[in-house]
file upload-v1.pdb (PDB, C-alpha atoms and all ligand atoms)
MODEL        1
ATOM      1  CA  MET G  20      11.135   5.086 -24.864  1.00  0.00           C
ATOM      2  CA  ALA G  21      14.225   5.557 -22.733  1.00  0.00           C
ATOM      3  CA  ASN G  22      12.523   7.077 -19.709  1.00  0.00           C
ATOM      4  CA  ASN G  23       9.828   4.442 -19.361  1.00  0.00           C
ATOM      5  CA  LYS G  24       9.713   2.670 -16.033  1.00  0.00           C
ATOM      6  CA  ILE G  25       8.596  -0.882 -15.364  1.00  0.00           C
ATOM      7  CA  ASP G  26       8.053  -1.764 -11.705  1.00  0.00           C
ATOM      8  CA  ILE G  27       6.890  -4.693  -9.603  1.00  0.00           C
ATOM      9  CA  PHE G  28       4.440  -4.318  -6.716  1.00  0.00           C
ATOM     10  CA  ILE G  29       3.639  -7.124  -4.314  1.00  0.00           C
ATOM     11  CA  GLY G  30       0.156  -6.882  -2.839  1.00  0.00           C
ATOM     12  CA  ASP G  31      -3.380  -5.884  -3.688  1.00  0.00           C
ATOM     13  CA  ILE G  32      -3.828  -4.128  -7.042  1.00  0.00           C
ATOM     14  CA  THR G  33      -6.927  -2.306  -5.788  1.00  0.00           C
ATOM     15  CA  THR G  34      -4.771  -0.169  -3.472  1.00  0.00           C
ATOM     16  CA  LEU G  35      -2.726   1.396  -6.285  1.00  0.00           C
ATOM     17  CA  ASP G  36      -3.109   4.955  -7.522  1.00  0.00           C
ATOM     18  CA  THR G  37      -1.939   4.442 -11.093  1.00  0.00           C
ATOM     19  CA  ASP G  38      -4.150   6.159 -13.719  1.00  0.00           C
ATOM     20  CA  ALA G  39      -5.446   2.763 -14.848  1.00  0.00           C
ATOM     21  CA  ILE G  40      -5.593  -0.666 -13.289  1.00  0.00           C
ATOM     22  CA  VAL G  41      -6.269  -3.758 -15.366  1.00  0.00           C
ATOM     23  CA  ASN G  42      -8.829  -6.351 -14.386  1.00  0.00           C
ATOM     24  CA  ALA G  43      -8.482 -10.016 -15.367  1.00  0.00           C
ATOM     25  CA  ALA G  44     -12.179 -10.187 -16.223  1.00  0.00           C
ATOM     26  CA  ASN G  45     -14.238 -12.914 -17.834  1.00  0.00           C
ATOM     27  CA  SER G  46     -16.176 -12.545 -21.062  1.00  0.00           C
ATOM     28  CA  SER G  47     -19.463 -11.814 -19.280  1.00  0.00           C
ATOM     29  CA  LEU G  48     -17.961  -8.626 -17.765  1.00  0.00           C
ATOM     30  CA  LEU G  49     -20.257  -9.275 -14.810  1.00  0.00           C
ATOM     31  CA  GLY G  50     -17.577  -9.930 -12.211  1.00  0.00           C
ATOM     32  CA  GLY G  51     -16.091 -13.141 -10.876  1.00  0.00           C
ATOM     33  CA  GLY G  52     -13.560 -14.443  -8.390  1.00  0.00           C
ATOM     34  CA  GLY G  53      -9.888 -13.616  -7.847  1.00  0.00           C
ATOM     35  CA  VAL G  54      -8.694 -10.167  -8.822  1.00  0.00           C
ATOM     36  CA  ASP G  55     -11.996  -9.493 -10.630  1.00  0.00           C
ATOM     37  CA  GLY G  56     -13.956  -9.956  -7.414  1.00  0.00           C
ATOM     38  CA  ALA G  57     -11.457  -7.836  -5.457  1.00  0.00           C
ATOM     39  CA  ILE G  58     -11.722  -4.935  -7.933  1.00  0.00           C
ATOM     40  CA  HIS G  59     -15.530  -4.946  -7.950  1.00  0.00           C
ATOM     41  CA  ARG G  60     -15.672  -5.231  -4.146  1.00  0.00           C
ATOM     42  CA  ALA G  61     -13.228  -2.396  -3.559  1.00  0.00           C
ATOM     43  CA  GLY G  62     -14.456  -0.160  -6.399  1.00  0.00           C
ATOM     44  CA  GLY G  63     -18.162  -0.493  -5.704  1.00  0.00           C
ATOM     45  CA  SER G  64     -21.246  -0.948  -7.860  1.00  0.00           C
ATOM     46  CA  GLU G  65     -20.432   1.876 -10.265  1.00  0.00           C
ATOM     47  CA  ILE G  66     -17.933  -0.401 -12.023  1.00  0.00           C
ATOM     48  CA  LEU G  67     -20.467  -3.188 -12.466  1.00  0.00           C
ATOM     49  CA  GLN G  68     -23.056  -0.723 -13.783  1.00  0.00           C
ATOM     50  CA  ALA G  69     -20.552   0.525 -16.355  1.00  0.00           C
ATOM     51  CA  CYS G  70     -19.618  -3.038 -17.352  1.00  0.00           C
ATOM     52  CA  LYS G  71     -23.276  -3.960 -17.804  1.00  0.00           C
ATOM     53  CA  ALA G  72     -23.857  -0.913 -19.997  1.00  0.00           C
ATOM     54  CA  ILE G  73     -20.894  -1.812 -22.230  1.00  0.00           C
ATOM     55  CA  ARG G  74     -22.002  -5.413 -22.422  1.00  0.00           C
ATOM     56  CA  ASP G  75     -25.592  -4.549 -23.280  1.00  0.00           C
ATOM     57  CA  THR G  76     -24.723  -1.992 -25.943  1.00  0.00           C
ATOM     58  CA  GLU G  77     -21.535  -3.370 -27.512  1.00  0.00           C
ATOM     59  CA  TYR G  78     -20.940  -6.982 -26.497  1.00  0.00           C
ATOM     60  CA  PRO G  79     -24.251  -8.807 -26.014  1.00  0.00           C
ATOM     61  CA  ASN G  80     -22.434 -12.118 -26.571  1.00  0.00           C
ATOM     62  CA  GLY G  81     -19.601 -11.221 -24.218  1.00  0.00           C
ATOM     63  CA  LEU G  82     -16.135  -9.747 -24.683  1.00  0.00           C
ATOM     64  CA  ALA G  83     -13.777 -11.925 -26.733  1.00  0.00           C
ATOM     65  CA  THR G  84     -10.523 -13.276 -25.295  1.00  0.00           C
ATOM     66  CA  GLY G  85      -7.694 -10.761 -25.714  1.00  0.00           C
ATOM     67  CA  GLU G  86      -9.995  -7.749 -26.065  1.00  0.00           C
ATOM     68  CA  ALA G  87     -10.128  -4.870 -23.578  1.00  0.00           C
ATOM     69  CA  VAL G  88     -12.701  -2.263 -22.512  1.00  0.00           C
ATOM     70  CA  ILE G  89     -12.432   0.698 -20.148  1.00  0.00           C
ATOM     71  CA  THR G  90     -14.716   1.882 -17.340  1.00  0.00           C
ATOM     72  CA  THR G  91     -14.722   4.182 -14.354  1.00  0.00           C
ATOM     73  CA  ALA G  92     -12.760   2.940 -11.358  1.00  0.00           C
ATOM     74  CA  GLY G  93     -15.586   3.826  -8.950  1.00  0.00           C
ATOM     75  CA  ARG G  94     -14.250   4.318  -5.429  1.00  0.00           C
ATOM     76  CA  LEU G  95     -10.720   3.154  -6.287  1.00  0.00           C
ATOM     77  CA  LYS G  96      -7.822   5.600  -6.335  1.00  0.00           C
ATOM     78  CA  ALA G  97      -7.192   4.803 -10.003  1.00  0.00           C
ATOM     79  CA  ASN G  98      -9.124   6.787 -12.614  1.00  0.00           C
ATOM     80  CA  TYR G  99      -9.996   3.853 -14.852  1.00  0.00           C
ATOM     81  CA  VAL G 100     -10.354   0.096 -14.782  1.00  0.00           C
ATOM     82  CA  ILE G 101      -9.479  -1.717 -17.994  1.00  0.00           C
ATOM     83  CA  HIS G 102     -11.217  -5.073 -18.250  1.00  0.00           C
ATOM     84  CA  THR G 103      -9.543  -7.690 -20.393  1.00  0.00           C
ATOM     85  CA  VAL G 104     -10.344 -11.363 -20.880  1.00  0.00           C
ATOM     86  CA  GLY G 105      -7.373 -13.698 -20.578  1.00  0.00           C
ATOM     87  CA  PRO G 106      -7.205 -17.123 -22.234  1.00  0.00           C
ATOM     88  CA  ILE G 107      -8.335 -20.186 -20.291  1.00  0.00           C
ATOM     89  CA  TYR G 108      -5.216 -22.344 -20.443  1.00  0.00           C
ATOM     90  CA  GLY G 109      -5.906 -25.672 -22.154  1.00  0.00           C
ATOM     91  CA  ASN G 110      -9.050 -24.273 -23.714  1.00  0.00           C
ATOM     92  CA  ASP G 111      -7.596 -21.706 -26.118  1.00  0.00           C
ATOM     93  CA  ALA G 112      -6.182 -22.448 -29.577  1.00  0.00           C
ATOM     94  CA  ASP G 113      -3.290 -19.992 -29.191  1.00  0.00           C
ATOM     95  CA  PRO G 114      -2.969 -18.978 -25.524  1.00  0.00           C
ATOM     96  CA  LYS G 115       0.326 -17.152 -26.064  1.00  0.00           C
ATOM     97  CA  GLN G 116      -1.178 -14.927 -28.737  1.00  0.00           C
ATOM     98  CA  SER G 117      -4.317 -14.350 -26.677  1.00  0.00           C
ATOM     99  CA  LEU G 118      -2.412 -13.435 -23.507  1.00  0.00           C
ATOM    100  CA  SER G 119      -0.158 -11.095 -25.463  1.00  0.00           C
ATOM    101  CA  ALA G 120      -3.258  -9.434 -26.969  1.00  0.00           C
ATOM    102  CA  CYS G 121      -4.575  -8.744 -23.430  1.00  0.00           C
ATOM    103  CA  TYR G 122      -1.453  -6.774 -22.532  1.00  0.00           C
ATOM    104  CA  ARG G 123      -1.230  -5.044 -25.912  1.00  0.00           C
ATOM    105  CA  ASN G 124      -4.879  -3.997 -26.117  1.00  0.00           C
ATOM    106  CA  SER G 125      -4.984  -2.857 -22.479  1.00  0.00           C
ATOM    107  CA  LEU G 126      -1.873  -0.708 -22.856  1.00  0.00           C
ATOM    108  CA  LEU G 127      -3.035   0.863 -26.117  1.00  0.00           C
ATOM    109  CA  LEU G 128      -6.482   1.565 -24.661  1.00  0.00           C
ATOM    110  CA  ALA G 129      -4.960   3.223 -21.574  1.00  0.00           C
ATOM    111  CA  ASP G 130      -2.673   5.277 -23.797  1.00  0.00           C
ATOM    112  CA  SER G 131      -5.624   6.400 -25.921  1.00  0.00           C
ATOM    113  CA  TYR G 132      -7.163   7.747 -22.671  1.00  0.00           C
ATOM    114  CA  LYS G 133      -3.912   9.618 -21.986  1.00  0.00           C
ATOM    115  CA  CYS G 134      -3.064   7.519 -18.934  1.00  0.00           C
ATOM    116  CA  THR G 135       0.541   7.941 -17.834  1.00  0.00           C
ATOM    117  CA  SER G 136       0.616   4.906 -15.545  1.00  0.00           C
ATOM    118  CA  ILE G 137      -1.012   1.474 -15.531  1.00  0.00           C
ATOM    119  CA  ALA G 138      -0.956  -1.579 -13.255  1.00  0.00           C
ATOM    120  CA  PHE G 139      -1.434  -5.154 -14.466  1.00  0.00           C
ATOM    121  CA  PRO G 140      -2.291  -8.262 -12.461  1.00  0.00           C
ATOM    122  CA  ALA G 141      -0.827 -11.572 -13.654  1.00  0.00           C
ATOM    123  CA  ILE G 142      -3.635 -12.168 -16.153  1.00  0.00           C
ATOM    124  CA  SER G 143      -4.812 -15.790 -16.534  1.00  0.00           C
ATOM    125  CA  THR G 144      -2.410 -17.177 -13.917  1.00  0.00           C
ATOM    126  CA  GLY G 145      -5.104 -17.826 -11.303  1.00  0.00           C
ATOM    127  CA  ILE G 146      -8.357 -19.603 -12.046  1.00  0.00           C
ATOM    128  CA  TYR G 147      -7.515 -19.656 -15.784  1.00  0.00           C
ATOM    129  CA  GLY G 148      -4.429 -21.797 -15.129  1.00  0.00           C
ATOM    130  CA  TYR G 149      -1.714 -20.217 -17.309  1.00  0.00           C
ATOM    131  CA  PRO G 150       1.778 -21.364 -16.208  1.00  0.00           C
ATOM    132  CA  LYS G 151       3.264 -18.446 -14.299  1.00  0.00           C
ATOM    133  CA  LYS G 152       6.746 -18.429 -15.817  1.00  0.00           C
ATOM    134  CA  GLU G 153       5.497 -18.421 -19.419  1.00  0.00           C
ATOM    135  CA  ALA G 154       2.861 -15.832 -18.556  1.00  0.00           C
ATOM    136  CA  ALA G 155       5.497 -13.515 -17.051  1.00  0.00           C
ATOM    137  CA  GLU G 156       7.646 -13.748 -20.184  1.00  0.00           C
ATOM    138  CA  ILE G 157       4.734 -12.926 -22.459  1.00  0.00           C
ATOM    139  CA  ALA G 158       3.679 -10.044 -20.212  1.00  0.00           C
ATOM    140  CA  TYR G 159       7.153  -8.538 -20.135  1.00  0.00           C
ATOM    141  CA  VAL G 160       8.002  -8.963 -23.829  1.00  0.00           C
ATOM    142  CA  THR G 161       4.644  -7.575 -24.941  1.00  0.00           C
ATOM    143  CA  VAL G 162       4.696  -4.587 -22.610  1.00  0.00           C
ATOM    144  CA  ALA G 163       8.282  -3.679 -23.494  1.00  0.00           C
ATOM    145  CA  GLU G 164       7.418  -3.768 -27.191  1.00  0.00           C
ATOM    146  CA  VAL G 165       4.087  -1.932 -27.021  1.00  0.00           C
ATOM    147  CA  LEU G 166       5.465   0.768 -24.696  1.00  0.00           C
ATOM    148  CA  GLU G 167       7.557   1.974 -27.619  1.00  0.00           C
ATOM    149  CA  LYS G 168       4.346   2.855 -29.439  1.00  0.00           C
ATOM    150  CA  CYS G 169       2.691   4.606 -26.485  1.00  0.00           C
ATOM    151  CA  ARG G 170       2.556   8.389 -26.336  1.00  0.00           C
ATOM    152  CA  TYR G 171       1.463   8.885 -22.737  1.00  0.00           C
ATOM    153  CA  ILE G 172       2.250   5.790 -20.667  1.00  0.00           C
ATOM    154  CA  ARG G 173       5.469   6.228 -18.719  1.00  0.00           C
ATOM    155  CA  ASN G 174       5.086   3.762 -15.881  1.00  0.00           C
ATOM    156  CA  VAL G 175       3.905   0.147 -15.960  1.00  0.00           C
ATOM    157  CA  VAL G 176       3.487  -1.772 -12.708  1.00  0.00           C
ATOM    158  CA  PHE G 177       3.270  -5.568 -12.652  1.00  0.00           C
ATOM    159  CA  VAL G 178       1.338  -6.617  -9.570  1.00  0.00           C
ATOM    160  CA  PHE G 179       1.697  -9.985  -7.864  1.00  0.00           C
ATOM    161  CA  HIS G 180      -0.223 -11.201  -4.893  1.00  0.00           C
ATOM    162  CA  LYS G 181       2.683 -13.266  -3.592  1.00  0.00           C
ATOM    163  CA  VAL G 182       6.433 -12.657  -3.637  1.00  0.00           C
ATOM    164  CA  GLU G 183       7.174 -16.057  -5.204  1.00  0.00           C
ATOM    165  CA  ASP G 184       4.902 -15.250  -8.158  1.00  0.00           C
ATOM    166  CA  SER G 185       6.909 -12.078  -8.861  1.00  0.00           C
ATOM    167  CA  LEU G 186      10.301 -13.762  -9.267  1.00  0.00           C
ATOM    168  CA  TYR G 187       9.989 -14.677 -12.970  1.00  0.00           C
ATOM    169  CA  LEU G 188       9.128 -11.133 -13.928  1.00  0.00           C
ATOM    170  CA  LYS G 189      11.824  -9.763 -11.622  1.00  0.00           C
ATOM    171  CA  SER G 190      14.473 -11.831 -13.384  1.00  0.00           C
ATOM    172  CA  LEU G 191      13.423 -10.302 -16.723  1.00  0.00           C
ATOM    173  CA  LEU G 192      13.794  -6.718 -15.488  1.00  0.00           C
ATOM    174  CA  LYS G 193      17.531  -7.081 -14.975  1.00  0.00           C
TER     175      LYS G 193
HETATM  176  P1  LIG G 201      -7.644 -15.395 -14.087  1.00  0.00           P
HETATM  177  O1  LIG G 201      -9.078 -15.856 -14.079  1.00  0.00           O
HETATM  178  O2  LIG G 201      -7.333 -14.491 -15.268  1.00  0.00           O
HETATM  179  O3  LIG G 201      -6.677 -16.520 -13.926  1.00  0.00           O
HETATM  180  P2  LIG G 201      -7.412 -14.636 -11.272  1.00  0.00           P
HETATM  181  O4  LIG G 201      -8.046 -13.439 -10.646  1.00  0.00           O
HETATM  182  O5  LIG G 201      -7.907 -15.977 -10.868  1.00  0.00           O
HETATM  183  O6  LIG G 201      -7.543 -14.399 -12.853  1.00  0.00           O
HETATM  184  O7  LIG G 201      -5.869 -14.605 -11.022  1.00  0.00           O
HETATM  185  C1  LIG G 201      -4.955 -13.782 -11.700  1.00  0.00           C
HETATM  186  C2  LIG G 201      -3.813 -13.432 -10.772  1.00  0.00           C
HETATM  187  O8  LIG G 201      -4.212 -12.369  -9.928  1.00  0.00           O
HETATM  188  C3  LIG G 201      -3.389 -14.576  -9.854  1.00  0.00           C
HETATM  189  O9  LIG G 201      -1.976 -14.752  -9.969  1.00  0.00           O
HETATM  190  C4  LIG G 201      -3.779 -14.106  -8.460  1.00  0.00           C
HETATM  191  O10 LIG G 201      -2.830 -14.500  -7.474  1.00  0.00           O
HETATM  192  C5  LIG G 201      -3.752 -12.603  -8.611  1.00  0.00           C
HETATM  193  N1  LIG G 201      -4.615 -11.827  -7.710  1.00  0.00           N
HETATM  194  C6  LIG G 201      -5.749 -12.210  -7.088  1.00  0.00           C
HETATM  195  N2  LIG G 201      -6.262 -11.197  -6.373  1.00  0.00           N
HETATM  196  C7  LIG G 201      -5.425 -10.140  -6.549  1.00  0.00           C
HETATM  197  C8  LIG G 201      -5.382  -8.793  -6.061  1.00  0.00           C
HETATM  198  N3  LIG G 201      -6.329  -8.304  -5.239  1.00  0.00           N
HETATM  199  N4  LIG G 201      -4.364  -7.986  -6.460  1.00  0.00           N
HETATM  200  C9  LIG G 201      -3.410  -8.463  -7.289  1.00  0.00           C
HETATM  201  N5  LIG G 201      -3.374  -9.704  -7.791  1.00  0.00           N
HETATM  202  C10 LIG G 201      -4.378 -10.539  -7.419  1.00  0.00           C
ENDMDL
END
call {"tool": "encode", "arguments": {"input": "upload-v1.pdb", "output": "structure tokens"}}
result
Amino acid sequence: MANNKIDIFIGDITTLDTDAIVNAANSSLLGGGGVDGAIHRAGGSEILQACKAIRDTEYPNGLATGEAVITTAGRLKANYVIHTVGPIYGNDADPKQSLSACYRNSLLLADSYKCTSIAFPAISTGIYGYPKKEAAEIAYVTVAEVLEKCRYIRNVVFVFHKVEDSLYLKSLLK
């Protein structure tokens, strides 16, 4: 849609007040390091409780790579956290497809909750080892395409912890 806005934010995703923020979770949904740890620390135990409930009732064997689920955002300014499981690079049959599915499923889930804004971390580019340039291309292409199908989302923010990590995505916005 013509009036959609894609932005870059450098810093900590937990500080944002978008309707939804996305967590690069692992399949256990029980928290971890990196951005996952930061979100659970800043958002408080309510998020972990909600994750455990979803896991126990719907995903006893864990959430599959590329899938996404939504919970409260606890104490965060955002209304929701969307937890998605990125591919472990070198350990996934089709990492491109899996990473794209993370962005697609997270956006569509946020839109189904009538979110107008959403912030993404650079899924899989930390502990999971996805090359940052390729990951940025997949993120951008997928989001641009799926945004066309969204009814409510107007603003997507790509969040990077460091300026140098943001440059690939920045070059795609022009
Ligand atoms: P994964 O396991 O999917 O690779 P990580 O959390 O290890 O997830 O890293 C994903 C990306 O998130 C990395 O590029 C890392 O620099 C970034 N990151 C880590 N903490 C934060 C944070 N608080 N806010 C935004 N991005 C973060």
call {"tool": "axis_aligned_box", "arguments": {"input": "upload-v1.pdb", "around": "ligand LIG 201 (chain G)", "padding_each_side": "5 Å", "output": "AutoDock Vina command-line options"}}
result
--center_x -5.5 --center_y -12.3 --center_z -10.3 --size_x 17.1 --size_y 18.5 --size_z 20.0
call {"tool": "residues_around", "arguments": {"input": "upload-v1.pdb", "residues": "G:Gly148", "least_positions_apart": "5", "cutoff": "7 Å", "atoms": "only C-alpha atoms", "output": "list in words"}}
result
Ile107, Tyr108 and Ser143 of chain G
call {"tool": "residues_near_point", "arguments": {"input": "upload-v1.pdb", "point": "(-16.7, -7.1, -19.5)", "cutoff": "8 Å", "atoms": "only C-alpha atoms", "output": "list of chain:residue names"}}
result
G:Ala44, G:Asn45, G:Ser46, G:Ser47, G:Leu48, G:Leu49, G:Gly50, G:Cys70, G:Lys71, G:Ile73, G:Arg74, G:Gly81, G:Leu82, G:Val88, G:His102, G:Thr103, G:Val104
call {"tool": "residues_near_ligand", "arguments": {"input": "upload-v1.pdb", "ligand": "ligand LIG 201 (chain G)", "cutoff": "9 Å", "atoms": "all atoms listed in the file", "output": "ChimeraX atom specification"}}
result
/G:28-34,42-45,51-58,103-108,139-149,151,178-181,184
call {"tool": "residues_near_point", "arguments": {"input": "upload-v1.pdb", "point": "(2.7, -6.9, -23.0)", "cutoff": "9 Å", "atoms": "all atoms listed in the file", "output": "NGL selection string"}}
result
:G and (118-126 or 156-166)
call {"tool": "residues_around", "arguments": {"input": "upload-v1.pdb", "residues": "stretch 172-177 of chain G", "least_positions_apart": "5", "cutoff": "7 Å", "atoms": "only C-alpha atoms", "output": "count of residues only"}}
result
14
call {"tool": "closest_residue", "arguments": {"input": "upload-v1.pdb", "among": "G:Leu95, G:Leu192, G:Val100, G:Ala129", "to": "G:Arg60", "atoms": "all atoms listed in the file"}}
result
G:Leu95
call {"tool": "atom_distance", "arguments": {"input": "upload-v1.pdb", "atom1": "atom CA of G:Ala154", "atom2": "atom CA of G:Asp38"}}
result
23.6 Å
call {"tool": "atom_distance", "arguments": {"input": "upload-v1.pdb", "atom1": "atom CA of G:Tyr132", "atom2": "atom CA of G:Ile66"}}
result
17.2 Å
call {"tool": "residues_around", "arguments": {"input": "upload-v1.pdb", "residues": "G:Ala97", "least_positions_apart": "3", "cutoff": "7 Å", "atoms": "all atoms listed in the file", "output": "VMD selection string"}}
result
chain G and resid 35 to 40 92
call {"tool": "atom_distance", "arguments": {"input": "upload-v1.pdb", "atom1": "atom CA of G:Glu86", "atom2": "atom CA of G:Leu67"}}
result
17.8 Å
call {"tool": "closest_residue", "arguments": {"input": "upload-v1.pdb", "among": "G:Arg94, G:Lys133, G:Lys193, G:Lys115", "to": "G:Arg170", "atoms": "all atoms listed in the file"}}
result
G:Lys133
